[in-house]
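Trainee: Below is one structure. I have some questions about it.
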Amino acid sequence: MSSTQTDLTRILAQRIAASGPISVAEYMADALGHPEYGYYMADDPFGVSGDFITAPEISQMFGELVGLWCANTWLALGKPTPFVLAELGPGRGTLMADALRALETVPACRAAVQVHLVETSPHLRERQRQALSEIDLTWHDSVGGLPMIPAIFIANEFFDALPIEQYVRHDEGWRQRRVTYGEDGFAFTHAPTPEPEINLPTTAEAGAVIETSPASLEIAGEIAHRVRSHSGAALVIDYGYTGPAVGDTLQAVRNHDTAPVLEQPGTADLTAHVDFNALAAAAHAGGAACWGSIGQGDFLRRLGIDSRAATLIATATTDQKSNIETALERLIGDDQMGTLFKVLAIGSRGTEPPAGFVFKEANLS
Ligand code: SAH
């Protein structure tokens with residue numbers, strides 16, 4: 001065991017010994033974001049040698065199309081100048097770099113943009129600084145710090161990293177799932193009494209697990225509030241489902257392999273599937289309109305990924321051609337990221353659907 005994992009295990013074990021079992025959200029928040037030993041604080045988890053590969057790391061086409069979506073949305077918003085382009089959880093900065101390149105196709109938009117990054121990891125902030133060395137950047141710890149002017153938000157694989165709470169069905173109701181620590185290490189347990197006033201389904205089989213992400217809902221609500229008061233839009237891309245649904249989606253990934261969730265916190269990526277209906281409902285309650293969620297495959301196809309791939313292939317070597325084709329399939333294939341990954345747009349009520357969304361506003365009231 002390395003000293004870091006020992007340290008976070010010790011810190012959490014001491015806390016549990018002093019004040020009792022902690023909630024799943026508390027465990028997840030520290031496993032990922034503990035200021036010294038959290039997974040995102042320690043090292044660069046991205047890329048081929050890291051624990052997972054995200055869409056912008058698969059192909060430049062992803063970030064370019066997101067950039068075109070932003071330019072199109074900016075035009076639809078009436079060309080606010082200046083405006084904030086805010087990325088939540090920018091990772092290595094690849095998506096933003098590709099998006100800004102695509103924004104150059106609309107020079108007035110490129111000239112009006114102020115780039116803001118919401119990122120808690122100092123290590124990843126440094127990666128972002130390097131990837132975007134030509135750009136004026138401002139970092140924030142949370143959405144709350146962003147300037148109050150028109151803003152376009154993008155969030156790819158951000159919400160899946162935010163802490164979730166889990167509830168387990170017992171005969172007498174739902175009990176909060178908690179994490180305890182004993183001789184065999186961390187183990188799940190549950191609250192001694194059921195949740196009194198929790199808005200969860202009243203029927204489910206004993207042992208069923210249901211998830212909520214209060215942190216995600218708060219951020220979706222805050223984005224909606226900003227869109228309503230200062231105009232703007234948001235694009236949320238992640239893997240997830242349209243809830244409510246029963247199921248335990250908390251998973252740990254280390255070196256491309258799934259790992260036990262409670263083993264060596266801080267050394268594996270922990271994620272949970274995003275409930276897109278819950279996010280949309282929170283945004284709607286905050287006064288915004290929502291479109292989707294739709295599959296990532298449909299979204300990228302409607303934005304023209306096939307013709308972008310054809311353009312790149314036209315000047316590619318044989319090797320590059322096959323890489324582009326593989327990347328395209330990974331991004332949009334139904335058995336790959338095309339369906340499990342979903343896209344939700346948030347905007348002002350009463351406006352046209354943003355690019356890629358052919359549906360009317362979701363009516364969630
Ligand atoms: N969007 C990137 C990276 C996704 S990983 C990509 O697609 O490649 C999740 C990102 O969110 C990381 O940059 C991580 O440091 C950041 N992050 C996680 N929790 C966060 C929080 N609570 N606030 C701000 N950033 C957070």
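Following the order of the structure tokens, chains are lettered A, B, ..., residues in each are numbered from 1, and ligands are numbered from 1.
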Can you list, as a ChimeraX atom specification, every protein, DNA or RNA residue that comes within 9 Å of A:Thr81 when you count only C-alpha atoms, leaving out same-chain residues fewer than 6 positions away?
Mentor: /A:108-109,111-113,150
Trainee: I'd like the contact shell of stretch 132-137 of chain A - 12 Å cut-off, only C-alpha atoms, skipping same-chain residues fewer than 5 positions apart - returned as a list in words.
Mentor: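 Answer for this query is Val84, Leu85, Ala86, Glu87, Pro90, Gly91, Arg92, Gly93, Thr94, Leu95, Met96, Ala97, Asp98, Ala99, Leu100, Arg101, Arg110, Ala111, Val113, Gln114, Val115, His116, Leu117, Val118, Glu119, Arg125, Glu126 and Arg127 of chain A.
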Trainee: Using only C-alpha atoms, please write the residues we just selected to a file, as a compact mmCIF listing (two decimals), in the first residue's frame.
Mentor:
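What ended up in result34.txt:
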# COMPACT_ATOMS: atom_id res chain seq x y z
CA VAL A 84 -18.78 33.55 -20.36
CA LEU A 85 -17.95 30.11 -21.70
CA ALA A 86 -17.76 28.05 -18.53
CA GLU A 87 -16.61 24.46 -18.47
CA PRO A 90 -12.45 20.40 -17.71
CA GLY A 91 -10.04 17.50 -17.05
CA ARG A 92 -7.00 17.97 -19.26
CA GLY A 93 -8.48 20.95 -21.12
CA THR A 94 -8.80 19.03 -24.39
CA LEU A 95 -12.51 19.68 -24.93
CA MET A 96 -12.08 23.43 -24.37
CA ALA A 97 -9.07 23.62 -26.72
CA ASP A 98 -10.97 21.86 -29.51
CA ALA A 99 -14.14 23.88 -28.86
CA LEU A 100 -12.29 27.22 -29.00
CA ARG A 101 -10.71 26.23 -32.32
CA ARG A 110 -14.54 33.97 -30.56
CA ALA A 111 -13.82 37.65 -29.87
CA VAL A 113 -15.75 34.81 -25.27
CA GLN A 114 -14.35 34.86 -21.74
CA VAL A 115 -13.18 31.38 -20.74
CA HIS A 116 -13.90 30.30 -17.16
CA LEU A 117 -13.08 26.89 -15.74
CA VAL A 118 -14.71 25.35 -12.68
CA GLU A 119 -12.13 22.93 -11.32
CA ARG A 125 -5.73 23.19 -13.27
CA GLU A 126 -2.06 23.00 -14.23
CA ARG A 127 -2.86 20.58 -17.07
Trainee: Out of A:Phe159, A:Phe62, A:Thr242, A:Tyr40, which residue has the shortest atom-to-atom distance to A:Asp306 when counting only C-alpha atoms?
Mentor: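 Between A:Phe159, A:Phe62, A:Thr242, A:Tyr40, the residue approaching A:Asp306 most closely is A:Phe62.
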Trainee: Measuring between only C-alpha atoms and all ligand atoms, which one of A:Thr315, A:Asn72, A:Thr326, A:Thr120 shows the shortest distance to ligand 1?
Mentor: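 The answer is A:Thr120, which sits nearest to ligand 1.
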